[in-house]
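The data block below is input18.cif; it holds mmCIF, C-alpha atoms.
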```
data_target
loop_
_atom_site.label_atom_id
_atom_site.label_comp_id
_atom_site.auth_asym_id
_atom_site.auth_seq_id
_atom_site.Cartn_x
_atom_site.Cartn_y
_atom_site.Cartn_z
CA MET A 694 -14.08 -19.24 25.68
CA ASP A 695 -16.92 -21.70 26.16
CA THR A 696 -17.00 -25.03 24.34
CA HIS A 697 -19.90 -24.04 22.08
CA ALA A 698 -18.04 -21.00 20.74
CA ILE A 699 -14.89 -23.03 20.10
CA ILE A 700 -16.84 -25.67 18.20
CA SER A 701 -18.59 -22.95 16.18
CA PHE A 702 -15.53 -21.14 14.80
CA GLU A 703 -13.65 -24.42 14.30
CA PHE A 704 -16.63 -25.60 12.25
CA LEU A 705 -16.57 -22.40 10.18
CA GLN A 706 -12.85 -22.86 9.49
CA LEU A 707 -13.53 -26.40 8.32
CA GLN A 708 -16.40 -25.28 6.07
CA ALA A 709 -14.23 -22.56 4.47
CA ALA A 710 -11.35 -24.98 3.93
CA SER A 711 -13.67 -27.57 2.34
CA LEU A 712 -14.72 -25.35 -0.60
CA LEU A 713 -14.02 -27.10 -3.92
CA ILE A 714 -15.42 -24.76 -6.58
CA TYR A 715 -16.10 -21.46 -4.79
CA GLN A 716 -12.65 -21.09 -3.19
CA SER A 717 -12.09 -17.63 -4.70
CA VAL A 718 -15.14 -16.22 -2.88
CA LEU A 719 -12.90 -15.59 0.15
CA THR A 720 -9.72 -14.45 -1.60
CA ASP A 721 -10.26 -10.69 -1.50
CA GLU A 722 -9.53 -8.33 1.41
CA VAL A 723 -12.78 -8.96 3.30
CA GLY A 724 -12.66 -12.74 2.95
CA GLN A 725 -9.03 -12.94 3.98
CA ALA A 726 -9.59 -10.66 6.98
CA TRP A 727 -12.50 -12.87 8.08
CA LEU A 728 -10.39 -16.02 7.76
CA ASN A 729 -7.49 -14.39 9.60
CA LEU A 730 -9.83 -13.53 12.46
CA LEU A 731 -10.96 -17.17 12.71
CA ARG A 732 -7.33 -18.31 12.68
CA SER A 733 -6.51 -15.86 15.46
CA LEU A 734 -9.42 -17.14 17.56
CA ARG A 735 -8.31 -20.73 16.94
CA GLN A 736 -4.72 -19.93 17.92
CA ILE A 737 -5.81 -18.37 21.20
CA ASP A 738 -7.93 -21.41 21.96
CA LEU A 739 -5.00 -23.77 21.37
CA LEU A 740 -2.57 -21.71 23.45
CA GLN A 741 -5.05 -21.35 26.29
CA SER A 742 -5.74 -25.08 26.29
CA LEU A 743 -2.00 -25.68 26.61
CA ARG A 744 -1.83 -23.02 29.31
CA HIS A 745 0.76 -21.19 27.26
CA SER A 746 1.99 -17.95 28.80
CA GLU A 747 2.24 -15.97 25.54
CA VAL A 748 -1.35 -15.83 24.35
CA ASP A 749 -1.72 -13.06 21.73
CA GLU A 750 -4.95 -11.38 22.81
CA LEU A 751 -3.89 -8.11 21.17
CA GLY A 752 -3.35 -9.94 17.87
CA CYS A 753 -6.92 -11.16 18.02
CA VAL A 754 -8.20 -7.64 18.65
CA ARG A 755 -6.13 -6.34 15.70
CA ALA A 756 -7.47 -9.12 13.47
CA TYR A 757 -11.00 -8.08 14.38
CA GLY A 758 -10.16 -4.46 13.64
CA ASN A 759 -8.77 -5.40 10.22
CA TYR A 760 -11.93 -7.36 9.44
CA PHE A 761 -14.19 -4.54 10.65
CA ARG A 762 -12.32 -2.00 8.52
CA ALA A 763 -12.45 -4.23 5.44
CA ILE A 764 -16.19 -4.94 5.67
CA ALA A 765 -16.94 -1.30 6.52
CA SER A 766 -15.14 -0.20 3.36
CA GLN A 767 -17.66 -2.28 1.39
CA ASN A 768 -20.58 -0.74 3.29
CA GLN A 769 -22.25 -4.14 3.32
CA SER A 770 -23.05 -6.68 5.98
CA TRP A 771 -21.10 -9.93 5.95
CA GLN A 772 -24.21 -11.65 4.56
CA ASP A 773 -24.64 -9.13 1.72
CA TYR A 774 -20.96 -9.36 0.89
CA LEU A 775 -20.95 -13.16 0.74
CA ILE A 776 -23.94 -13.33 -1.61
CA SER A 777 -22.49 -10.67 -3.92
CA GLN A 778 -19.23 -12.66 -4.10
CA ILE A 779 -21.10 -15.83 -5.04
CA LEU A 780 -23.02 -14.05 -7.78
CA ILE A 781 -19.89 -12.72 -9.51
CA ASP A 782 -17.56 -15.65 -8.82
CA ASP A 783 -15.71 -16.92 -11.87
CA ASN A 784 -15.26 -20.68 -11.46
CA PRO A 785 -15.66 -23.88 -13.53
CA PHE A 786 -19.36 -24.13 -12.71
CA SER A 787 -20.29 -20.48 -13.33
CA ARG A 788 -18.39 -20.49 -16.65
CA GLN A 789 -19.89 -23.74 -17.94
CA ALA A 790 -23.39 -22.85 -16.75
CA GLN A 791 -23.40 -19.86 -19.11
CA ASN A 792 -23.37 -22.06 -22.20
CA THR A 793 -24.40 -25.54 -21.04
CA ASP A 794 -27.69 -26.86 -19.68
CA LEU A 795 -27.54 -27.90 -16.05
CA ALA A 796 -28.52 -31.48 -16.98
CA ASP A 797 -25.48 -31.75 -19.25
CA LEU A 798 -22.91 -30.70 -16.65
CA PRO A 799 -20.74 -33.43 -15.01
CA PRO A 800 -22.49 -34.96 -11.98
CA SER A 801 -19.34 -34.56 -9.88
CA LEU A 802 -19.30 -30.83 -10.65
CA ILE A 803 -22.94 -30.51 -9.62
CA ALA A 804 -22.28 -32.42 -6.38
CA ALA A 805 -19.28 -30.22 -5.59
CA VAL A 806 -21.30 -27.04 -6.13
CA GLN A 807 -24.11 -28.29 -3.90
CA GLN A 808 -21.61 -29.10 -1.17
CA ASP A 809 -19.98 -25.67 -1.52
CA LEU A 810 -23.33 -23.88 -1.36
CA GLN A 811 -24.18 -25.63 1.91
CA ALA A 812 -20.74 -24.72 3.31
CA LEU A 813 -21.15 -21.10 2.22
CA GLN A 814 -24.57 -21.01 3.86
CA SER A 815 -22.88 -21.92 7.15
CA LEU A 816 -20.48 -19.00 6.70
CA TYR A 817 -23.44 -16.77 5.83
CA GLN A 818 -25.05 -17.54 9.18
CA CYS A 819 -22.07 -16.15 11.11
CA SER A 820 -23.30 -12.79 12.40
CA GLY A 821 -21.31 -9.72 13.30
CA THR A 822 -22.62 -9.92 16.86
CA GLN A 823 -21.35 -13.49 17.17
CA LEU A 824 -17.87 -12.51 16.02
CA SER A 825 -17.80 -9.61 18.45
CA GLN A 826 -18.72 -11.88 21.35
CA TRP A 827 -16.05 -14.43 20.41
CA VAL A 828 -13.39 -11.71 20.34
CA GLN A 829 -14.53 -10.38 23.70
CA ALA A 830 -14.20 -13.85 25.26
CA ALA A 831 -10.89 -14.66 23.57
CA ALA A 832 -9.21 -11.34 24.38
CA LYS A 833 -10.86 -11.10 27.81
CA LEU A 834 -12.33 -7.66 27.08
CA ASN A 835 -14.66 -5.95 29.54
CA VAL A 836 -17.08 -5.04 26.75
CA PRO A 837 -17.49 -6.57 23.30
CA PRO A 838 -16.06 -4.63 20.35
CA ILE A 839 -18.59 -2.88 18.14
CA ALA A 840 -20.30 -5.38 15.86
CA TRP A 841 -20.66 -4.64 12.17
CA THR A 842 -24.30 -5.15 11.22
CA GLU A 843 -26.30 -4.79 8.04
CA ILE A 844 -26.68 -1.32 6.55
CA PRO A 845 -29.36 -0.83 3.86
CA THR A 846 -27.22 0.69 1.09
CA GLU A 847 -28.26 1.76 -2.38
CA THR A 848 -26.21 -1.09 -3.85
CA THR A 849 -28.07 -3.64 -1.78
CA LYS A 850 -31.44 -2.16 -2.69
CA GLU A 851 -30.58 -2.28 -6.37
CA ILE A 852 -29.56 -5.93 -6.23
CA THR A 853 -32.59 -7.06 -4.22
CA SER A 854 -35.05 -5.24 -6.49
CA ASP A 855 -33.55 -6.22 -9.85
CA ARG A 856 -32.17 -9.67 -9.13
CA ALA A 857 -34.56 -11.92 -7.28
CA ILE A 858 -31.91 -14.56 -6.69
CA TYR A 859 -30.31 -12.27 -4.11
CA LEU A 860 -33.42 -12.38 -1.95
CA LYS A 861 -33.91 -16.10 -2.51
CA LEU A 862 -30.42 -16.92 -1.25
CA SER A 863 -30.96 -14.74 1.82
CA GLN A 864 -34.19 -16.60 2.70
CA LEU A 865 -33.68 -20.20 1.51
CA GLN A 866 -33.39 -23.01 4.07
CA ASN A 867 -30.96 -25.07 1.96
CA TRP A 868 -28.77 -23.26 -0.57
CA ALA A 869 -28.17 -26.49 -2.50
CA ASP A 870 -31.77 -26.20 -3.73
CA MET A 871 -30.83 -22.93 -5.43
CA LEU A 872 -28.63 -24.60 -8.02
CA PRO A 873 -31.00 -24.24 -11.03
CA ASP A 874 -31.68 -20.57 -10.27
CA LEU A 875 -27.97 -19.91 -9.82
CA ALA A 876 -27.17 -21.51 -13.16
CA ALA A 877 -29.87 -19.43 -14.84
CA TYR A 878 -28.46 -16.31 -13.21
CA TYR A 879 -24.97 -16.98 -14.56
CA ARG A 880 -26.43 -17.66 -17.99
CA GLN A 881 -28.19 -14.29 -18.00
CA TYR A 882 -25.76 -12.00 -16.18
CA GLY A 883 -22.37 -13.69 -16.62
CA THR A 884 -19.67 -13.89 -14.00
CA GLY A 885 -16.41 -12.39 -12.86
CA ILE A 886 -15.24 -9.02 -14.00
CA PHE A 887 -18.03 -8.63 -16.60
CA ALA A 888 -20.69 -9.07 -13.93
CA LYS A 889 -18.96 -6.57 -11.65
CA TYR A 890 -18.04 -3.78 -14.09
CA LYS A 891 -19.80 -2.23 -17.07
CA ALA A 892 -16.70 -0.42 -18.30
CA LEU A 893 -13.27 -2.00 -18.59
CA ARG A 894 -9.88 -1.29 -20.12
CA TRP A 895 -7.15 -3.51 -21.51
CA GLN A 896 -4.02 -2.81 -19.50
CA SER A 897 -0.73 -4.73 -19.17
CA GLY A 898 -2.15 -7.74 -20.97
CA GLN A 899 -5.36 -8.10 -18.97
CA LEU A 900 -8.83 -6.63 -18.56
CA ILE A 901 -9.16 -4.17 -15.68
CA GLY A 902 -12.52 -2.99 -14.35
CA ILE A 903 -13.27 0.75 -14.24
CA PRO A 904 -15.15 1.40 -10.97
CA HIS A 905 -16.21 4.97 -11.84
CA ALA A 906 -16.98 5.06 -15.54
CA ASP A 907 -17.78 8.31 -17.34
CA LEU A 908 -21.46 7.60 -17.98
CA VAL A 909 -22.39 10.26 -20.50
CA GLN A 910 -26.11 10.55 -21.11
CA LEU A 911 -27.16 10.45 -24.75
CA GLN A 912 -29.81 13.09 -24.10
CA GLN A 913 -26.98 15.57 -23.52
CA LEU A 914 -25.68 15.04 -27.06
CA VAL A 915 -27.48 17.14 -29.66
CA GLY A 916 -26.55 18.56 -33.02
CA TYR A 917 -25.64 15.17 -34.46
CA GLU A 918 -28.95 13.36 -34.16
CA TYR A 919 -28.52 11.24 -37.30
CA GLN A 920 -25.16 9.89 -36.10
CA ARG A 921 -26.59 9.22 -32.62
CA ASP A 922 -29.66 7.38 -33.89
CA THR A 923 -27.66 5.31 -36.38
CA LEU A 924 -25.18 4.23 -33.71
CA LYS A 925 -28.04 3.37 -31.34
CA LYS A 926 -29.71 1.26 -34.04
CA ASN A 927 -26.49 -0.66 -34.68
CA THR A 928 -26.14 -1.26 -30.93
CA GLU A 929 -29.72 -2.54 -30.79
CA PHE A 930 -28.76 -5.06 -33.49
CA LEU A 931 -25.83 -6.20 -31.33
CA LEU A 932 -27.98 -6.58 -28.22
CA ALA A 933 -30.65 -8.50 -30.13
CA GLY A 934 -28.10 -11.01 -31.42
CA TYR A 935 -28.19 -9.85 -35.06
CA PRO A 936 -25.03 -9.07 -37.04
CA ALA A 937 -23.85 -5.59 -36.04
CA LEU A 938 -21.29 -3.52 -37.94
CA HIS A 939 -17.96 -2.21 -36.80
CA VAL A 940 -18.19 1.58 -36.59
CA LEU A 941 -15.81 4.41 -37.45
CA LEU A 942 -16.74 7.85 -36.12
CA TYR A 943 -14.59 10.50 -37.72
CA GLY A 944 -14.72 14.25 -38.01
CA SER A 945 -13.78 17.50 -36.36
CA ARG A 946 -12.34 17.61 -32.86
CA GLY A 947 -14.73 18.26 -30.00
CA SER A 948 -17.80 17.16 -31.93
CA GLY A 949 -18.76 14.49 -29.39
CA LYS A 950 -17.55 11.31 -31.09
CA SER A 951 -16.08 9.78 -27.94
CA SER A 952 -18.96 10.99 -25.79
CA LEU A 953 -21.45 9.33 -28.12
CA VAL A 954 -19.75 5.95 -27.74
CA LYS A 955 -19.51 6.32 -23.96
CA GLY A 956 -23.17 7.34 -23.87
CA LEU A 957 -24.13 3.89 -25.14
CA LEU A 958 -23.02 2.41 -21.82
CA HIS A 959 -25.42 4.62 -19.86
CA GLU A 960 -28.20 3.76 -22.30
CA TYR A 961 -27.67 0.00 -22.56
CA GLY A 962 -25.46 -1.04 -19.63
CA ASP A 963 -28.43 -2.62 -17.86
CA ARG A 964 -29.02 -4.76 -20.96
CA ASN A 965 -25.64 -6.47 -20.56
CA LEU A 966 -23.69 -4.14 -22.82
CA ARG A 967 -20.05 -3.75 -21.78
CA LEU A 968 -17.56 -1.15 -23.05
CA ILE A 969 -13.88 -2.10 -23.28
CA GLU A 970 -11.36 0.68 -23.84
CA VAL A 971 -8.27 -0.34 -25.80
CA ALA A 972 -5.41 2.09 -26.37
CA LYS A 973 -3.87 2.31 -29.82
CA SER A 974 -0.60 1.04 -28.36
CA ASP A 975 -2.37 -2.18 -27.30
CA LEU A 976 -4.14 -2.92 -30.59
CA ALA A 977 -1.70 -5.72 -31.32
CA ASP A 978 -3.50 -7.62 -28.51
CA LEU A 979 -6.89 -7.16 -30.17
CA PRO A 980 -7.27 -10.76 -31.47
CA GLN A 981 -6.42 -12.03 -27.97
CA ILE A 982 -8.99 -9.70 -26.41
CA VAL A 983 -11.70 -10.79 -28.82
CA GLU A 984 -11.09 -14.47 -28.06
CA GLN A 985 -11.58 -13.79 -24.34
CA LEU A 986 -15.01 -12.35 -25.11
CA ARG A 987 -16.18 -15.24 -27.27
CA GLY A 988 -19.01 -17.23 -25.69
CA VAL A 989 -19.63 -14.72 -22.89
CA PRO A 990 -23.34 -13.81 -22.50
CA HIS A 991 -22.63 -10.06 -22.50
CA LYS A 992 -22.37 -7.88 -25.61
CA PHE A 993 -19.17 -5.89 -26.06
CA ILE A 994 -18.10 -2.69 -27.76
CA ILE A 995 -14.34 -2.40 -28.07
CA PHE A 996 -13.67 1.33 -27.97
CA VAL A 997 -10.55 2.72 -29.66
CA ASP A 998 -10.22 6.48 -29.35
CA ASP A 999 -8.25 8.81 -31.64
CA LEU A 1000 -7.24 6.16 -34.14
CA SER A 1001 -4.54 6.62 -36.79
CA PHE A 1002 -1.61 4.56 -38.03
CA GLU A 1003 1.87 4.95 -39.35
CA GLU A 1004 3.09 2.83 -42.24
CA ASP A 1005 3.95 -0.79 -41.33
CA ASP A 1006 2.24 -0.39 -37.97
CA ASP A 1007 1.63 -3.79 -36.31
CA ALA A 1008 -1.51 -2.37 -34.69
CA PHE A 1009 -2.92 -1.76 -38.19
CA LYS A 1010 -2.48 -5.43 -39.05
CA ALA A 1011 -4.10 -6.60 -35.81
CA LEU A 1012 -7.13 -4.36 -36.30
CA LYS A 1013 -7.43 -5.45 -39.92
CA VAL A 1014 -7.67 -9.10 -38.79
CA VAL A 1015 -10.49 -8.27 -36.37
CA LEU A 1016 -12.39 -6.14 -38.91
CA GLU A 1017 -12.06 -8.51 -41.86
CA GLY A 1018 -11.72 -11.81 -40.03
CA ASN A 1019 -9.55 -14.81 -40.73
CA LEU A 1020 -10.13 -18.56 -40.48
CA THR A 1021 -11.51 -18.03 -36.98
CA ALA A 1022 -15.18 -17.03 -37.03
CA ARG A 1023 -15.98 -13.57 -35.75
CA PRO A 1024 -17.84 -13.61 -32.41
CA GLN A 1025 -21.33 -12.17 -32.79
CA ASN A 1026 -21.19 -10.43 -29.40
CA VAL A 1027 -18.33 -8.03 -30.24
CA VAL A 1028 -18.06 -4.89 -32.38
CA VAL A 1029 -15.31 -2.31 -32.67
CA CYS A 1030 -16.11 1.40 -32.37
CA ALA A 1031 -13.22 3.69 -33.26
CA THR A 1032 -13.00 7.48 -33.36
CA SER A 1033 -10.60 9.51 -35.45
CA ASN A 1034 -10.05 13.02 -36.67
CA ARG A 1035 -8.80 11.57 -39.96
CA ARG A 1036 -10.91 10.09 -42.74
CA HIS A 1037 -7.93 8.08 -43.99
CA LEU A 1038 -6.57 6.30 -40.95
CA ILE A 1039 -3.14 5.46 -42.38
CA ARG A 1040 -0.90 8.40 -43.10
CA GLU A 1041 -0.04 8.80 -46.74
CA MET A 1042 2.96 10.90 -47.80
CA PHE A 1043 3.46 12.49 -51.20
CA GLY A 1044 6.43 10.19 -51.50
CA ASP A 1045 4.03 7.26 -51.44
CA ARG A 1046 2.54 8.32 -54.79
CA PRO A 1047 3.83 6.27 -57.77
CA ARG A 1048 6.69 7.73 -59.82
CA PRO A 1049 8.41 6.26 -62.86
CA SER A 1050 11.57 4.77 -61.42
CA GLN A 1051 13.50 1.57 -61.56
CA ASN A 1052 13.12 1.06 -57.84
CA GLU A 1053 9.37 1.72 -57.61
CA GLU A 1054 7.04 -1.07 -56.56
CA VAL A 1055 5.21 -2.37 -59.61
CA GLY A 1056 1.87 -2.45 -57.81
CA VAL A 1057 2.38 0.80 -55.97
CA TRP A 1058 -1.14 2.04 -56.72
CA ASP A 1059 -2.47 -1.08 -55.00
CA THR A 1060 -0.52 -0.15 -51.88
CA VAL A 1061 -1.85 3.41 -51.99
CA GLN A 1062 -5.41 2.20 -52.42
CA GLU A 1063 -5.05 -0.22 -49.52
CA LYS A 1064 -4.01 2.65 -47.27
CA LEU A 1065 -6.78 4.93 -48.43
CA SER A 1066 -9.49 2.29 -48.22
CA PHE A 1067 -8.71 0.94 -44.74
CA SER A 1068 -11.49 3.03 -43.20
CA ASP A 1069 -13.91 1.33 -45.61
CA ARG A 1070 -13.34 -1.92 -43.72
CA PHE A 1071 -15.54 -0.52 -40.98
CA GLY A 1072 -19.06 -1.48 -41.95
CA LEU A 1073 -20.50 1.80 -40.71
CA THR A 1074 -18.85 5.21 -41.02
CA LEU A 1075 -20.39 8.20 -39.26
CA THR A 1076 -19.15 11.67 -40.20
CA PHE A 1077 -19.11 14.59 -37.79
CA GLU A 1078 -18.93 17.90 -39.61
CA PRO A 1079 -17.64 21.04 -37.83
CA ALA A 1080 -20.40 22.85 -35.96
CA ASN A 1081 -21.63 26.02 -37.60
CA GLN A 1082 -22.98 28.86 -35.50
CA ASP A 1083 -26.57 27.62 -35.50
CA THR A 1084 -25.54 24.10 -34.45
CA TYR A 1085 -23.23 25.43 -31.77
CA LEU A 1086 -25.94 27.66 -30.27
CA HIS A 1087 -28.44 24.79 -30.46
CA ILE A 1088 -26.08 22.64 -28.37
CA VAL A 1089 -25.50 25.45 -25.88
CA ARG A 1090 -29.23 26.07 -25.42
CA HIS A 1091 -29.92 22.37 -24.92
CA LEU A 1092 -27.18 21.96 -22.32
CA ALA A 1093 -28.26 25.15 -20.56
CA THR A 1094 -31.80 23.79 -20.29
CA LEU A 1095 -30.53 20.52 -18.78
CA ALA A 1096 -28.44 22.54 -16.31
CA ASP A 1097 -31.43 24.75 -15.32
CA ILE A 1098 -29.59 27.92 -16.27
CA CYS A 1099 -32.06 30.78 -16.11
CA ILE A 1100 -30.86 33.71 -18.23
CA SER A 1101 -32.33 35.20 -21.37
CA GLN A 1102 -31.63 33.41 -24.64
CA ALA A 1103 -30.08 36.56 -26.09
CA ASP A 1104 -27.67 36.86 -23.17
CA LEU A 1105 -26.89 33.13 -23.33
CA ASP A 1106 -26.18 33.26 -27.07
CA ASP A 1107 -24.01 36.34 -26.74
CA ARG A 1108 -21.92 34.84 -23.96
CA ALA A 1109 -21.62 31.52 -25.82
CA LEU A 1110 -20.33 33.20 -28.99
CA GLN A 1111 -17.81 35.24 -27.02
CA TRP A 1112 -16.63 32.09 -25.29
CA ALA A 1113 -16.14 30.28 -28.60
CA THR A 1114 -14.15 33.21 -29.99
CA ARG A 1115 -11.85 33.37 -26.98
CA HIS A 1116 -11.38 29.66 -26.52
CA ASN A 1117 -11.47 26.63 -28.84
CA GLY A 1118 -13.91 27.63 -31.56
CA ARG A 1119 -17.41 26.30 -32.11
CA SER A 1120 -17.85 22.64 -31.13
CA GLY A 1121 -19.83 20.43 -28.79
CA ARG A 1122 -16.86 20.29 -26.42
CA THR A 1123 -16.62 24.08 -26.33
CA ALA A 1124 -20.37 24.29 -25.64
CA ARG A 1125 -20.02 21.82 -22.75
CA GLN A 1126 -17.11 23.77 -21.25
CA PHE A 1127 -18.99 27.06 -21.59
CA VAL A 1128 -22.16 25.75 -19.92
CA ASP A 1129 -20.18 24.15 -17.07
CA PHE A 1130 -18.34 27.42 -16.45
CA LEU A 1131 -21.51 29.51 -16.67
CA GLN A 1132 -23.41 27.22 -14.29
CA ALA A 1133 -20.64 27.37 -11.70
CA GLU A 1134 -20.39 31.14 -12.10
CA LEU A 1135 -24.11 31.69 -11.62
CA ASN A 1136 -24.35 29.28 -8.67
CA LEU A 1137 -21.40 30.92 -6.95
CA GLY A 1138 -22.95 34.36 -7.50
CA ASN A 1139 -26.26 33.22 -6.00
CA ARG A 1140 -24.48 31.91 -2.89
CA GLU A 1141 -22.80 35.23 -2.35
#
```

Please, can you express the file's structure as structure tokens?
Amino acid sequence: MDTHAIISFEFLQLQAASLLIYQSVLTDEVGQAWLNLLRSLRQIDLLQSLRHSEVDELGCVRAYGNYFRAIASQNQSWQDYLISQILIDDNPFSRQAQNTDLADLPPSLIAAVQQDLQALQSLYQCSGTQLSQWVQAAAKLNVPPIAWTEIPTETTKEITSDRAIYLKLSQLQNWADMLPDLAAYYRQYGTGIFAKYKALRWQSGQLIGIPHADLVQLQQLVGYEYQRDTLKKNTEFLLAGYPALHVLLYGSRGSGKSSLVKGLLHEYGDRNLRLIEVAKSDLADLPQIVEQLRGVPHKFIIFVDDLSFEEDDDAFKALKVVLEGNLTARPQNVVVCATSNRRHLIREMFGDRPRPSQNEEVGVWDTVQEKLSFSDRFGLTLTFEPANQDTYLHIVRHLATLADICISQADLDDRALQWATRHNGRSGRTARQFVDFLQAELNLGNRE
């Protein structure tokens, strides 16, 4: 390898090693594969300079293949990847910049970020063609390996059109000058997992991003317009920074309660709404989850599906703390939305009713009332009545229109009623299943 190439990748190694704040930018599969490739190139250079007989040219080629595969799986160029990592990086600067003016941050932190941005700009300027040529020289290949170059993907187009900072970083002469814009970006969009994912779940004591969320469209949900509009209004309060109410959606199965909550993410995800799914078995962690969300610029709906409790359930106590509060102030960016098929969320047995007995609790009626009134602790309760025939057919017709199903209304209604009789009764879920089946059936028939 020529001296210029050796100096170049040694310089890149030094720049990557010198990162103080943005170290985690290179910790995922792509970043590690890129660093491993540089290490392999450096090792070959050292062994060749010592005229060592066991130079691992094949190892260098494999390292390049691992890097190529990793970056190809992202369907981004190295430059696009590096900028996207900077924009979502969770570090001391990006966290503090969300709630603190740039002028009030420690000068040493600002200096470290400026140094890191200049180092990252050097890494940004390393092209796929350059890497390919270095590998060819190091491994003594007759032709250079295929270079990974920029591909205009939908993800890239979305970022460059909606977030101007992406374009600025790709065009700026000195990235250190971008510090104010970067701080403003973190303040608006947040960092880390909340910047990367719109839907998350609490699992094994931590938040996990959901890459392919079920983005139900609210326009698909009809028959319960009052409930939909009320929930949307409460969500608008949350997004605007006004006090929003915790919500209980209860009623018959298949009426669309869960779909309505998930539909909020499709409607408001671009306005920094995030949906966090918490299983009933993890409700004891609810106070811990809420504290992680405090002070984050996003707005959060904690979604608990199919909620009910047994007596003396620890999850009941944890949810009660979040709904009613304690000495810790409730964060204004979090509401709980729970669905249930039960109006009274805590099971009450006939044996719980007070009876004259020496061993009965004196205040037993207070205990009964506490159980029965737990659902009242939700500020907003939305009831979903079972769908009658007219409502069921209204839902079917609406979904059929969205699916471009072209059959007569009489035939559609007749088939829909037969389906409800043979399957799960009249409900929004049954209507959805019927329309999906009918659409597939008609499309398959047209192909034949």

Enumerate, as an mmCIF file with C-alpha atoms, in the frame of the given file, the residues matched when the PyMOL selection byres ((chain A and resi 1109) around 12) is run on the file above.
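Final output, result-v5.cif:
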```
data_model
loop_
_atom_site.group_PDB
_atom_site.id
_atom_site.type_symbol
_atom_site.label_atom_id
_atom_site.label_comp_id
_atom_site.auth_asym_id
_atom_site.auth_seq_id
_atom_site.Cartn_x
_atom_site.Cartn_y
_atom_site.Cartn_z
ATOM 1 C CA GLN A 1082 -22.980 28.860 -35.500
ATOM 2 C CA ASP A 1083 -26.570 27.620 -35.500
ATOM 3 C CA TYR A 1085 -23.230 25.430 -31.770
ATOM 4 C CA LEU A 1086 -25.940 27.660 -30.270
ATOM 5 C CA HIS A 1087 -28.440 24.790 -30.460
ATOM 6 C CA ILE A 1088 -26.080 22.640 -28.370
ATOM 7 C CA VAL A 1089 -25.500 25.450 -25.880
ATOM 8 C CA ARG A 1090 -29.230 26.070 -25.420
ATOM 9 C CA LEU A 1092 -27.180 21.960 -22.320
ATOM 10 C CA ALA A 1093 -28.260 25.150 -20.560
ATOM 11 C CA GLN A 1102 -31.630 33.410 -24.640
ATOM 12 C CA ALA A 1103 -30.080 36.560 -26.090
ATOM 13 C CA ASP A 1104 -27.670 36.860 -23.170
ATOM 14 C CA LEU A 1105 -26.890 33.130 -23.330
ATOM 15 C CA ASP A 1106 -26.180 33.260 -27.070
ATOM 16 C CA ASP A 1107 -24.010 36.340 -26.740
ATOM 17 C CA ARG A 1108 -21.920 34.840 -23.960
ATOM 18 C CA LEU A 1110 -20.330 33.200 -28.990
ATOM 19 C CA GLN A 1111 -17.810 35.240 -27.020
ATOM 20 C CA TRP A 1112 -16.630 32.090 -25.290
ATOM 21 C CA ALA A 1113 -16.140 30.280 -28.600
ATOM 22 C CA THR A 1114 -14.150 33.210 -29.990
ATOM 23 C CA ARG A 1115 -11.850 33.370 -26.980
ATOM 24 C CA HIS A 1116 -11.380 29.660 -26.520
ATOM 25 C CA ASN A 1117 -11.470 26.630 -28.840
ATOM 26 C CA GLY A 1118 -13.910 27.630 -31.560
ATOM 27 C CA ARG A 1119 -17.410 26.300 -32.110
ATOM 28 C CA SER A 1120 -17.850 22.640 -31.130
ATOM 29 C CA GLY A 1121 -19.830 20.430 -28.790
ATOM 30 C CA THR A 1123 -16.620 24.080 -26.330
ATOM 31 C CA ALA A 1124 -20.370 24.290 -25.640
ATOM 32 C CA ARG A 1125 -20.020 21.820 -22.750
ATOM 33 C CA GLN A 1126 -17.110 23.770 -21.250
ATOM 34 C CA PHE A 1127 -18.990 27.060 -21.590
ATOM 35 C CA VAL A 1128 -22.160 25.750 -19.920
ATOM 36 C CA ASP A 1129 -20.180 24.150 -17.070
ATOM 37 C CA PHE A 1130 -18.340 27.420 -16.450
ATOM 38 C CA LEU A 1131 -21.510 29.510 -16.670
#
```

Selected residue, from A:Leu941, A:Gly885, A:Phe1077, A:Leu719, that lies nearest to A:Val915 when counting all atoms listed in the file =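 Result for the nearest residue to A:Val915: A:Phe1077.
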
Separation of atom CA of A:Arg1070 from atom CA of A:Leu938, in Å and rounded to one decimal =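 Atom CA of A:Leu938 lies at a distance of 10.0 Å from atom CA of A:Arg1070.
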
Nearest-residue call for A:Gln981, choices A:Gly898, A:Pro1079, A:Gly1072, A:Pro837, using all atoms listed in the file | A:Gly898

Do you know which residues the PyMOL selection byres ((chain A and resi 986) around 12) returns on this file, as a list in words?
->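 Applied to this file, the PyMOL selection byres ((chain A and resi 986) around 12) selects Gly883, Ile886, Phe887, Leu900, Arg967, Leu968, Ile969, Leu979, Pro980, Gln981, Ile982, Val983, Glu984, Gln985, Arg987, Gly988, Val989, Pro990, His991, Lys992, Phe993, Ile994, Ile995, Arg1023, Pro1024, Gln1025, Asn1026, Val1027 and Val1028 of chain A.
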
Taking every listed atom of stretch 1094-1104 of chain A and adding 4 Å to each side, what centre and edge lengths in Å (one decimal) does the axis-aligned box have, as AutoDock Vina command-line options?
```
--center_x -30.0 --center_y 28.7 --center_z -20.7 --size_x 12.7 --size_y 24.3 --size_z 18.8
```

Out of A:Leu731, A:Ile714, A:Ile803, A:Val1029, which residue has the shortest atom-to-atom distance to A:His939 when counting only C-alpha atoms?
->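 With only C-alpha atoms as the atom set, the closest residue is A:Val1029.
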
Kindly give the distance, in Å, that separates atom CA of A:Pro800 and atom CA of A:Leu872, rounded to a single decimal.
->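 Taking atom CA of A:Pro800 as the start and atom CA of A:Leu872 as the end point, the length is 12.7 Å.
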